[in-house]
file input.pdb (PDB, C-alpha atoms)
MODEL        1
ATOM      1  CA  MET A 100     142.991 150.686 101.372
ATOM      2  CA  ILE A 101     143.700 153.921 103.268
ATOM      3  CA  SER A 102     146.475 154.757 100.809
ATOM      4  CA  ALA A 103     143.948 154.582  97.954
ATOM      5  CA  LEU A 104     141.877 157.402  99.430
ATOM      6  CA  THR A 105     142.182 160.934  98.108
ATOM      7  CA  ALA A 106     143.478 163.715 100.351
ATOM      8  CA  ASN A 107     139.965 165.082 100.820
ATOM      9  CA  GLN A 108     138.601 161.639 101.719
ATOM     10  CA  LYS A 109     141.351 161.185 104.310
ATOM     11  CA  GLY A 110     140.643 164.656 105.637
ATOM     12  CA  ALA A 111     136.930 163.895 105.916
ATOM     13  CA  LEU A 112     137.597 160.669 107.850
ATOM     14  CA  LEU A 113     140.019 162.444 110.165
ATOM     15  CA  MET A 114     137.508 165.229 110.793
ATOM     16  CA  MET A 115     134.776 162.720 111.604
ATOM     17  CA  GLY A 116     137.188 160.971 113.969
ATOM     18  CA  SER A 117     138.013 164.311 115.557
ATOM     19  CA  MET A 118     134.360 165.086 116.186
ATOM     20  CA  ALA A 119     133.867 161.594 117.643
ATOM     21  CA  GLY A 120     136.767 162.236 120.016
ATOM     22  CA  PHE A 121     135.399 165.575 121.204
ATOM     23  CA  THR A 122     131.885 164.143 121.639
ATOM     24  CA  LEU A 123     133.092 161.101 123.583
ATOM     25  CA  ASN A 124     135.042 163.470 125.826
ATOM     26  CA  ASP A 125     131.794 165.354 126.480
ATOM     27  CA  GLY A 126     130.083 162.086 127.347
ATOM     28  CA  PHE A 127     132.796 161.136 129.838
ATOM     29  CA  ILE A 128     132.630 164.580 131.454
ATOM     30  CA  LYS A 129     128.834 164.426 131.736
ATOM     31  CA  LEU A 130     129.089 161.066 133.491
ATOM     32  CA  LEU A 131     131.885 162.259 135.777
ATOM     33  CA  GLY A 132     129.903 165.361 136.696
ATOM     34  CA  GLN A 133     127.335 163.197 138.439
ATOM     35  CA  ASN A 134     129.819 162.466 141.243
ATOM     36  CA  LEU A 135     132.715 164.929 140.996
ATOM     37  CA  PRO A 136     132.792 168.747 141.080
ATOM     38  CA  LEU A 137     133.550 170.377 137.745
ATOM     39  CA  SER A 138     136.630 172.129 139.127
ATOM     40  CA  GLN A 139     138.189 168.774 140.003
ATOM     41  CA  ILE A 140     137.354 167.345 136.579
ATOM     42  CA  LEU A 141     138.783 170.387 134.792
ATOM     43  CA  THR A 142     141.999 170.393 136.781
ATOM     44  CA  LEU A 143     142.793 166.697 136.529
ATOM     45  CA  ARG A 144     141.803 166.414 132.877
ATOM     46  CA  GLY A 145     143.715 169.588 132.101
ATOM     47  CA  LEU A 146     146.897 168.240 133.674
ATOM     48  CA  LEU A 147     146.700 165.036 131.642
ATOM     49  CA  VAL A 148     145.900 166.847 128.383
ATOM     50  CA  SER A 149     148.685 169.385 128.952
ATOM     51  CA  VAL A 150     151.216 166.574 129.378
ATOM     52  CA  LEU A 151     150.007 164.879 126.189
ATOM     53  CA  ILE A 152     150.129 168.089 124.146
ATOM     54  CA  PHE A 153     153.547 169.022 125.514
ATOM     55  CA  GLY A 154     154.938 165.574 124.693
ATOM     56  CA  LEU A 155     153.581 165.671 121.137
ATOM     57  CA  ALA A 156     154.786 169.234 120.603
ATOM     58  CA  ARG A 157     158.311 168.344 121.743
ATOM     59  CA  ALA A 158     158.331 165.208 119.605
ATOM     60  CA  LEU A 159     157.303 167.203 116.524
ATOM     61  CA  GLY A 160     159.518 170.173 117.324
ATOM     62  CA  ALA A 161     156.397 172.341 117.164
ATOM     63  CA  LEU A 162     156.762 174.190 120.461
ATOM     64  CA  ARG A 163     158.017 177.780 120.233
ATOM     65  CA  LEU A 164     157.728 180.360 122.995
ATOM     66  CA  ASN A 165     159.702 183.290 121.558
ATOM     67  CA  LEU A 166     156.623 185.037 120.201
ATOM     68  CA  SER A 167     156.134 188.744 119.610
ATOM     69  CA  ARG A 168     154.406 190.832 122.278
ATOM     70  CA  ARG A 169     151.394 191.176 119.979
ATOM     71  CA  ASP A 170     151.094 187.419 119.451
ATOM     72  CA  TRP A 171     151.517 186.699 123.164
ATOM     73  CA  GLY A 172     148.701 189.136 123.887
ATOM     74  CA  LEU A 173     146.472 187.335 121.390
ATOM     75  CA  VAL A 174     147.441 183.896 122.730
ATOM     76  CA  ILE A 175     146.657 184.988 126.295
ATOM     77  CA  GLY A 176     143.357 186.563 125.225
ATOM     78  CA  ARG A 177     142.438 183.398 123.378
ATOM     79  CA  SER A 178     143.333 181.264 126.389
ATOM     80  CA  VAL A 179     141.181 183.361 128.726
ATOM     81  CA  ALA A 180     138.282 182.955 126.294
ATOM     82  CA  GLU A 181     138.978 179.202 126.225
ATOM     83  CA  ALA A 182     138.845 178.948 130.015
ATOM     84  CA  VAL A 183     135.585 180.912 130.249
ATOM     85  CA  THR A 184     134.150 178.843 127.392
ATOM     86  CA  THR A 185     134.950 175.663 129.273
ATOM     87  CA  TYR A 186     133.079 176.899 132.343
ATOM     88  CA  PHE A 187     129.947 177.828 130.391
ATOM     89  CA  PHE A 188     130.010 174.732 128.187
ATOM     90  CA  LEU A 189     130.431 172.248 131.024
ATOM     91  CA  SER A 190     127.825 174.052 133.128
ATOM     92  CA  ALA A 191     125.386 173.638 130.222
ATOM     93  CA  LEU A 192     126.461 170.037 129.649
ATOM     94  CA  MET A 193     125.542 169.095 133.213
ATOM     95  CA  VAL A 194     121.901 170.194 132.812
ATOM     96  CA  MET A 195     121.162 169.767 129.086
ATOM     97  CA  PRO A 196     120.939 166.732 126.793
ATOM     98  CA  ILE A 197     124.263 166.363 125.009
ATOM     99  CA  ALA A 198     122.628 166.512 121.552
ATOM    100  CA  ASN A 199     120.836 169.787 122.343
ATOM    101  CA  ILE A 200     123.950 171.663 123.414
ATOM    102  CA  THR A 201     125.862 170.213 120.456
ATOM    103  CA  ALA A 202     123.115 171.462 118.128
ATOM    104  CA  ILE A 203     123.449 174.977 119.542
ATOM    105  CA  LEU A 204     127.226 174.865 119.022
ATOM    106  CA  GLN A 205     126.679 174.231 115.303
ATOM    107  CA  MET A 206     126.016 177.985 115.091
ATOM    108  CA  LEU A 207     129.737 178.701 115.431
ATOM    109  CA  PRO A 208     130.706 179.075 111.735
ATOM    110  CA  LEU A 209     127.856 181.562 111.385
ATOM    111  CA  THR A 210     128.585 183.535 114.562
ATOM    112  CA  VAL A 211     132.290 183.750 113.689
ATOM    113  CA  THR A 212     131.412 185.050 110.226
ATOM    114  CA  LEU A 213     129.029 187.619 111.684
ATOM    115  CA  ALA A 214     131.552 188.698 114.328
ATOM    116  CA  ALA A 215     134.266 189.092 111.683
ATOM    117  CA  VAL A 216     131.962 191.482 109.831
ATOM    118  CA  LEU A 217     131.204 193.512 112.948
ATOM    119  CA  VAL A 218     134.723 193.528 114.424
ATOM    120  CA  PHE A 219     137.059 193.360 111.437
ATOM    121  CA  GLY A 220     134.831 194.881 108.762
ATOM    122  CA  GLU A 221     135.000 191.798 106.544
ATOM    123  CA  THR A 222     132.594 191.721 103.620
ATOM    124  CA  VAL A 223     129.764 189.192 103.465
ATOM    125  CA  GLY A 224     127.491 188.886 100.440
ATOM    126  CA  TRP A 225     123.736 188.532 100.497
ATOM    127  CA  ARG A 226     123.804 184.739 100.214
ATOM    128  CA  ARG A 227     125.856 184.224 103.355
ATOM    129  CA  SER A 228     123.864 186.962 105.088
ATOM    130  CA  LEU A 229     120.706 184.942 104.411
ATOM    131  CA  ALA A 230     122.479 181.800 105.662
ATOM    132  CA  ILE A 231     123.353 183.567 108.928
ATOM    133  CA  ALA A 232     119.747 184.732 109.362
ATOM    134  CA  ALA A 233     118.446 181.216 108.649
ATOM    135  CA  GLY A 234     120.909 179.785 111.145
ATOM    136  CA  PHE A 235     119.684 182.069 113.905
ATOM    137  CA  LEU A 236     116.087 181.132 113.124
ATOM    138  CA  GLY A 237     117.102 177.473 113.404
ATOM    139  CA  MET A 238     118.710 178.161 116.769
ATOM    140  CA  LEU A 239     115.460 179.697 118.007
ATOM    141  CA  LEU A 240     113.702 176.433 117.145
ATOM    142  CA  ILE A 241     116.269 174.605 119.269
ATOM    143  CA  VAL A 242     116.204 176.858 122.346
ATOM    144  CA  ARG A 243     112.564 178.052 122.070
ATOM    145  CA  PRO A 244     112.687 180.775 124.751
ATOM    146  CA  GLY A 245     109.483 180.970 126.776
ATOM    147  CA  PRO A 246     107.816 183.966 128.414
ATOM    148  CA  ASN A 247     110.381 183.853 131.226
ATOM    149  CA  GLY A 248     113.361 183.797 128.869
ATOM    150  CA  PHE A 249     116.029 181.103 128.568
ATOM    151  CA  ASP A 250     116.554 178.458 131.209
ATOM    152  CA  SER A 251     119.973 178.274 132.840
ATOM    153  CA  GLY A 252     121.292 175.505 130.594
ATOM    154  CA  THR A 253     120.362 177.316 127.394
ATOM    155  CA  GLY A 254     121.857 180.539 128.739
ATOM    156  CA  TYR A 255     125.129 178.738 129.494
ATOM    157  CA  ALA A 256     125.185 177.203 126.005
ATOM    158  CA  ILE A 257     124.633 180.554 124.267
ATOM    159  CA  ALA A 258     127.309 182.133 126.467
ATOM    160  CA  ALA A 259     129.667 179.327 125.421
ATOM    161  CA  VAL A 260     128.967 180.096 121.741
ATOM    162  CA  ALA A 261     129.765 183.776 122.359
ATOM    163  CA  CYS A 262     133.030 182.912 124.126
ATOM    164  CA  ILE A 263     134.118 180.436 121.440
ATOM    165  CA  THR A 264     133.391 183.109 118.829
ATOM    166  CA  ALA A 265     135.654 185.524 120.722
ATOM    167  CA  ARG A 266     138.308 182.821 120.972
ATOM    168  CA  ASP A 267     138.224 182.245 117.218
ATOM    169  CA  LEU A 268     138.503 185.977 116.544
ATOM    170  CA  PHE A 269     141.710 186.024 118.606
ATOM    171  CA  THR A 270     142.915 183.025 116.605
ATOM    172  CA  ARG A 271     142.276 184.799 113.289
ATOM    173  CA  ARG A 272     144.620 187.633 114.275
ATOM    174  CA  LEU A 273     147.549 185.391 115.238
ATOM    175  CA  SER A 274     150.602 185.490 112.995
ATOM    176  CA  ALA A 275     151.113 182.511 110.722
ATOM    177  CA  GLU A 276     154.435 181.829 112.482
ATOM    178  CA  VAL A 277     152.735 180.918 115.774
ATOM    179  CA  PRO A 278     152.667 177.090 116.059
ATOM    180  CA  SER A 279     149.232 175.644 116.746
ATOM    181  CA  MET A 280     150.803 173.363 119.367
ATOM    182  CA  THR A 281     151.994 176.378 121.345
ATOM    183  CA  VAL A 282     148.506 177.899 121.241
ATOM    184  CA  SER A 283     146.904 174.626 122.337
ATOM    185  CA  LEU A 284     149.371 174.051 125.185
ATOM    186  CA  VAL A 285     148.871 177.541 126.609
ATOM    187  CA  ALA A 286     145.091 177.090 126.335
ATOM    188  CA  ALA A 287     145.223 173.720 128.112
ATOM    189  CA  LEU A 288     147.348 175.171 130.911
ATOM    190  CA  SER A 289     144.967 178.121 131.235
ATOM    191  CA  VAL A 290     141.951 175.840 131.583
ATOM    192  CA  THR A 291     143.861 173.786 134.166
ATOM    193  CA  ALA A 292     144.751 176.900 136.169
ATOM    194  CA  PHE A 293     141.139 178.081 135.961
ATOM    195  CA  GLY A 294     139.926 174.733 137.295
ATOM    196  CA  ALA A 295     142.434 174.808 140.150
ATOM    197  CA  LEU A 296     141.403 178.343 141.186
ATOM    198  CA  TRP A 297     137.744 177.395 140.947
ATOM    199  CA  GLY A 298     138.439 174.368 143.100
ATOM    200  CA  LEU A 299     139.621 176.523 146.005
ATOM    201  CA  GLY A 300     135.968 177.026 146.915
ATOM    202  CA  GLU A 301     134.865 173.410 146.417
ATOM    203  CA  ASP A 302     135.421 170.126 148.233
ATOM    204  CA  TRP A 303     137.112 167.622 145.966
ATOM    205  CA  GLN A 304     136.040 163.995 146.118
ATOM    206  CA  PRO A 305     138.051 160.753 146.192
ATOM    207  CA  ILE A 306     138.659 159.278 142.741
ATOM    208  CA  SER A 307     137.247 155.793 142.279
ATOM    209  CA  TYR A 308     138.686 153.354 139.745
ATOM    210  CA  ASP A 309     135.736 153.994 137.429
ATOM    211  CA  ALA A 310     136.134 157.767 137.705
ATOM    212  CA  GLY A 311     139.876 157.467 137.106
ATOM    213  CA  ALA A 312     139.260 155.418 133.976
ATOM    214  CA  MET A 313     136.741 157.964 132.709
ATOM    215  CA  LEU A 314     139.172 160.823 133.382
ATOM    216  CA  LEU A 315     141.810 159.011 131.359
ATOM    217  CA  GLY A 316     139.241 158.383 128.644
ATOM    218  CA  ALA A 317     138.170 162.029 128.558
ATOM    219  CA  SER A 318     141.787 163.200 128.367
ATOM    220  CA  GLY A 319     142.613 160.744 125.609
ATOM    221  CA  MET A 320     139.515 161.571 123.587
ATOM    222  CA  ILE A 321     139.993 165.345 123.707
ATOM    223  CA  PHE A 322     143.641 164.850 122.709
ATOM    224  CA  VAL A 323     142.615 162.597 119.805
ATOM    225  CA  GLY A 324     140.003 165.166 118.809
ATOM    226  CA  TYR A 325     142.587 167.917 118.692
ATOM    227  CA  LEU A 326     145.212 165.827 116.897
ATOM    228  CA  PHE A 327     142.830 164.543 114.224
ATOM    229  CA  SER A 328     141.393 168.016 113.609
ATOM    230  CA  VAL A 329     144.879 169.394 112.949
ATOM    231  CA  MET A 330     145.724 166.459 110.682
ATOM    232  CA  ALA A 331     142.415 166.825 108.810
ATOM    233  CA  MET A 332     143.019 170.459 107.925
ATOM    234  CA  ARG A 333     146.514 169.636 106.662
ATOM    235  CA  VAL A 334     145.687 166.783 104.274
ATOM    236  CA  GLY A 335     142.574 168.081 102.518
ATOM    237  CA  ASP A 336     140.993 171.231 101.137
ATOM    238  CA  VAL A 337     139.343 173.322 103.838
ATOM    239  CA  SER A 338     136.132 173.676 101.812
ATOM    240  CA  ALA A 339     135.865 169.882 101.462
ATOM    241  CA  VAL A 340     136.892 168.908 104.997
ATOM    242  CA  ALA A 341     135.405 171.619 107.233
ATOM    243  CA  PRO A 342     131.720 170.684 106.677
ATOM    244  CA  PHE A 343     132.416 167.301 108.277
ATOM    245  CA  ARG A 344     132.669 169.117 111.612
ATOM    246  CA  TYR A 345     128.896 168.822 111.643
ATOM    247  CA  THR A 346     129.157 165.052 112.123
ATOM    248  CA  GLY A 347     129.695 165.995 115.775
ATOM    249  CA  LEU A 348     125.927 166.402 115.979
ATOM    250  CA  LEU A 349     125.397 162.855 114.704
ATOM    251  CA  TRP A 350     127.836 161.502 117.286
ATOM    252  CA  ALA A 351     126.040 163.487 120.003
ATOM    253  CA  LEU A 352     122.652 162.128 118.926
ATOM    254  CA  LEU A 353     123.954 158.551 119.041
ATOM    255  CA  LEU A 354     125.705 159.052 122.377
ATOM    256  CA  GLY A 355     122.673 160.702 123.939
ATOM    257  CA  TRP A 356     120.423 157.871 122.788
ATOM    258  CA  ALA A 357     122.789 155.013 123.722
ATOM    259  CA  ILE A 358     124.175 156.252 127.052
ATOM    260  CA  PHE A 359     121.819 158.906 128.416
ATOM    261  CA  ASP A 360     118.511 157.629 126.995
ATOM    262  CA  SER A 361     117.677 161.035 125.503
ATOM    263  CA  TRP A 362     116.536 162.080 122.043
ATOM    264  CA  PRO A 363     115.690 165.623 120.892
ATOM    265  CA  ASP A 364     112.098 166.423 119.966
ATOM    266  CA  ALA A 365     111.038 167.109 116.381
ATOM    267  CA  LEU A 366     111.368 170.914 116.559
ATOM    268  CA  THR A 367     114.896 170.635 117.937
ATOM    269  CA  LEU A 368     115.875 168.290 115.111
ATOM    270  CA  VAL A 369     114.352 170.632 112.510
ATOM    271  CA  GLY A 370     116.194 173.583 114.040
ATOM    272  CA  ALA A 371     119.453 171.633 114.082
ATOM    273  CA  ALA A 372     118.998 170.667 110.424
ATOM    274  CA  ILE A 373     118.476 174.327 109.483
ATOM    275  CA  VAL A 374     121.554 175.406 111.433
ATOM    276  CA  VAL A 375     123.706 172.682 109.857
ATOM    277  CA  ALA A 376     122.474 173.465 106.329
ATOM    278  CA  ALA A 377     123.121 177.186 106.822
ATOM    279  CA  GLY A 378     126.589 176.494 108.231
ATOM    280  CA  VAL A 379     127.584 174.141 105.430
ATOM    281  CA  PHE A 380     126.367 176.645 102.833
ATOM    282  CA  SER A 381     128.357 179.420 104.501
ATOM    283  CA  LEU A 382     131.498 177.280 104.588
ATOM    284  CA  MET A 383     131.115 176.376 100.917
ATOM    285  CA  ARG A 384     130.719 180.047  99.987
ATOM    286  CA  GLU A 385     133.766 180.946 102.094
ATOM    287  CA  ALA A 386     136.201 178.904  99.996
ATOM    288  CA  PRO A 387     135.769 180.762  96.661
ATOM    289  CA  ARG A 388     135.553 184.075  98.534
ATOM    290  CA  ARG A 389     139.116 183.648  99.777
ATOM    291  CA  ILE A 390     140.508 183.441  96.271
ATOM    292  CA  SER A 391     138.246 185.897  94.492
ATOM    293  CA  GLU A 392     135.968 188.829  95.188
ATOM    294  CA  PRO A 393     133.231 188.538  97.825
ATOM    295  CA  GLU A 394     130.036 186.999  96.516
TER
ENDMDL
END

call {"tool": "encode", "arguments": {"input": "input.pdb", "output": "structure tokens"}}
result
Amino acid sequence: MISALTANQKGALLMMGSMAGFTLNDGFIKLLGQNLPLSQILTLRGLLVSVLIFGLARALGALRLNLSRRDWGLVIGRSVAEAVTTYFFLSALMVMPIANITAILQMLPLTVTLAAVLVFGETVGWRRSLAIAAGFLGMLLIVRPGPNGFDSGTGYAIAAVACITARDLFTRRLSAEVPSMTVSLVAALSVTAFGALWGLGEDWQPISYDAGAMLLGASGMIFVGYLFSVMAMRVGDVSAVAPFRYTGLLWALLLGWAIFDSWPDALTLVGAAIVVAAGVFSLMREAPRRISEPE
């Protein structure tokens, strides 16, 4: 039955599986954070993920370290952004409902587009400009800053969006010859090193059997998420597959309801719907723009 699917249908299924993997990883980390310090979680998960990525890269012959000085600079910059992103994201995850932070992260296609305009001078037509504006309005419905500004969790989530945007800008400038496995391995090692340094100021806790199982689950899920996302982008058209990234929000809603007994309020759901619609529209406009003049 799988063989009867088109390339885009396979890509869509793989992307949905990828988002499920990333979301389940978030759920494991949120549960672990109730008893273990984040530095310990980051370090141990990072070690396991690094081993998995290294093994897959060697098996596929996709690991290459003889990069140019320019590419190494970009890889290192991207990895630093990844490590800082991880800190902000997990700090937000510990104090926010998983669906709320996932909804805020749906801004990423829009923030990356806006940053590319500001940093690289890329051209964006009026339709995508309106989509970006609508997306930011949707985000305001999600975070709803009060008279005293954002709470700490919302601030961490927005900082994570900014750092991921910077990370993706570094990624855009990498040469096509740089293997994605190399980039991912360096990023995983950077996050691990960051967790270990952070842990110098914290007291690590004994690992119970349940915590060990959840650490293994988190490592496996984030690895599956990465692997499926790479496979998805290689078997289907980007314009057809990329919008299925937004299924991560559906997974987060289900996980929050089933495991954490939380459900966003109506305004948050409306804001998330606006953000998702604006992001999907922007992604659909991006595909023809790459092969023709800007809209």

call {"tool": "closest_residue", "arguments": {"input": "input.pdb", "among": "A:Phe380, A:Phe359, A:Phe127, A:Phe293", "to": "Ala180 of chain A", "atoms": "all atoms listed in the file"}}
result
A:Phe293

call {"tool": "resolve_selection", "arguments": {"input": "input.pdb", "expression": "the PyMOL selection byres ((chain A and resi 257) around 12)", "output": "compact mmCIF listing (two decimals) with C-alpha atoms, in the frame of the given file"}}
result
# COMPACT_ATOMS: atom_id res chain seq x y z
CA THR A 184 134.15 178.84 127.39
CA PHE A 187 129.95 177.83 130.39
CA PHE A 188 130.01 174.73 128.19
CA SER A 190 127.82 174.05 133.13
CA ALA A 191 125.39 173.64 130.22
CA LEU A 192 126.46 170.04 129.65
CA ASN A 199 120.84 169.79 122.34
CA ILE A 200 123.95 171.66 123.41
CA THR A 201 125.86 170.21 120.46
CA ALA A 202 123.12 171.46 118.13
CA ILE A 203 123.45 174.98 119.54
CA LEU A 204 127.23 174.86 119.02
CA GLN A 205 126.68 174.23 115.30
CA MET A 206 126.02 177.98 115.09
CA LEU A 207 129.74 178.70 115.43
CA THR A 210 128.58 183.54 114.56
CA PHE A 235 119.68 182.07 113.90
CA MET A 238 118.71 178.16 116.77
CA LEU A 239 115.46 179.70 118.01
CA ILE A 241 116.27 174.60 119.27
CA VAL A 242 116.20 176.86 122.35
CA PRO A 244 112.69 180.78 124.75
CA PHE A 249 116.03 181.10 128.57
CA ASP A 250 116.55 178.46 131.21
CA SER A 251 119.97 178.27 132.84
CA GLY A 252 121.29 175.50 130.59
CA THR A 253 120.36 177.32 127.39
CA GLY A 254 121.86 180.54 128.74
CA TYR A 255 125.13 178.74 129.49
CA ALA A 256 125.18 177.20 126.00
CA ALA A 258 127.31 182.13 126.47
CA ALA A 259 129.67 179.33 125.42
CA VAL A 260 128.97 180.10 121.74
CA ALA A 261 129.76 183.78 122.36
CA CYS A 262 133.03 182.91 124.13
CA ILE A 263 134.12 180.44 121.44
CA THR A 264 133.39 183.11 118.83

call {"tool": "residues_around", "arguments": {"input": "input.pdb", "residues": "segment 137-150 of chain A", "least_positions_apart": "5", "cutoff": "8 Å", "atoms": "all atoms listed in the file", "output": "PyMOL selection string"}}
result
chain A and resi 128+131-132+189+284+287-288+290-295+297-298+301+303+314-315+317-319+321-322

call {"tool": "resolve_selection", "arguments": {"input": "input.pdb", "expression": "the PyMOL selection byres ((chain A and resi 304) around 10)", "output": "list of chain:residue names"}}
result
A:Asn134, A:Leu135, A:Pro136, A:Gln139, A:Glu301, A:Asp302, A:Trp303, A:Pro305, A:Ile306, A:Ser307

call {"tool": "resolve_selection", "arguments": {"input": "input.pdb", "expression": "the PyMOL selection byres ((chain A and resi 331) around 12)", "output": "PyMOL selection string"}}
result
chain A and resi 106-118+323-330+332-344

call {"tool": "residues_around", "arguments": {"input": "input.pdb", "residues": "segment 220-228 of chain A", "least_positions_apart": "3", "cutoff": "6 Å", "atoms": "only C-alpha atoms", "output": "ChimeraX atom specification"}}
result
/A:215-217,231,381,394

call {"tool": "residues_around", "arguments": {"input": "input.pdb", "residues": "Ile175 of chain A", "least_positions_apart": "4", "cutoff": "9 Å", "atoms": "all atoms listed in the file", "output": "VMD selection string"}}
result
chain A and resid 170 to 171 179 to 180 282 285 to 286 289

call {"tool": "atom_distance", "arguments": {"input": "input.pdb", "atom1": "atom CA of Glu276 of chain A", "atom2": "atom CA of Val183 of chain A"}}
result
25.9 Å

call {"tool": "atom_distance", "arguments": {"input": "input.pdb", "atom1": "atom CA of Met313 of chain A", "atom2": "atom CA of Asp125 of chain A"}}
result
10.9 Å

call {"tool": "atom_distance", "arguments": {"input": "input.pdb", "atom1": "atom CA of Ala158 of chain A", "atom2": "atom CA of Val277 of chain A"}}
result
17.1 Å

call {"tool": "axis_aligned_box", "arguments": {"input": "input.pdb", "around": "segment 124-131 of chain A", "padding_each_side": "3 Å", "output": "JSON"}}
result
{"center_x": 131.9, "center_y": 163.2, "center_z": 130.8, "size_x": 12.2, "size_y": 10.3, "size_z": 16.0}

call {"tool": "closest_residue", "arguments": {"input": "input.pdb", "among": "A:Gly234, A:Gly300, A:Gly378, A:Gly126", "to": "Ala198 of chain A", "atoms": "only C-alpha atoms"}}
result
A:Gly126

call {"tool": "closest_residue", "arguments": {"input": "input.pdb", "among": "A:Ser279, A:Arg266, A:Thr122, A:Gly370", "to": "Glu181 of chain A", "atoms": "all atoms listed in the file"}}
result
A:Arg266

call {"tool": "residues_around", "arguments": {"input": "input.pdb", "residues": "Leu268 of chain A", "least_positions_apart": "5", "cutoff": "10 Å", "atoms": "all atoms listed in the file", "output": "PyMOL selection string"}}
result
chain A and resi 173+176-177+211-212+214-215+218-219+262-263+273

call {"tool": "closest_residue", "arguments": {"input": "input.pdb", "among": "A:Met193, A:Leu353, A:Met383, A:Val369", "to": "Ala233 of chain A", "atoms": "all atoms listed in the file"}}
result
A:Val369

call {"tool": "closest_residue", "arguments": {"input": "input.pdb", "among": "A:Leu209, A:Ile373, A:Ile197, A:Leu166", "to": "Gly355 of chain A", "atoms": "all atoms listed in the file"}}
result
A:Ile197

call {"tool": "decode", "arguments": {"input": "input.pdb", "residues": "segment 352-364 of chain A", "atoms": "C-alpha atoms", "output": "compact mmCIF listing (two decimals), in the first residue's frame"}}
result
# COMPACT_ATOMS: atom_id res chain seq x y z
CA LEU A 352 -2.77 19.65 21.42
CA LEU A 353 -3.40 15.91 21.72
CA LEU A 354 -0.39 15.35 23.96
CA GLY A 355 -1.28 18.26 26.22
CA TRP A 356 -4.85 17.01 26.58
CA ALA A 357 -3.97 13.32 27.08
CA ILE A 358 -0.89 13.57 29.32
CA PHE A 359 -0.87 17.01 30.93
CA ASP A 360 -4.63 17.64 31.16
CA SER A 361 -4.31 21.04 29.47
CA TRP A 362 -6.17 22.63 26.58
CA PRO A 363 -5.64 26.15 25.18
CA ASP A 364 -8.43 28.69 25.56
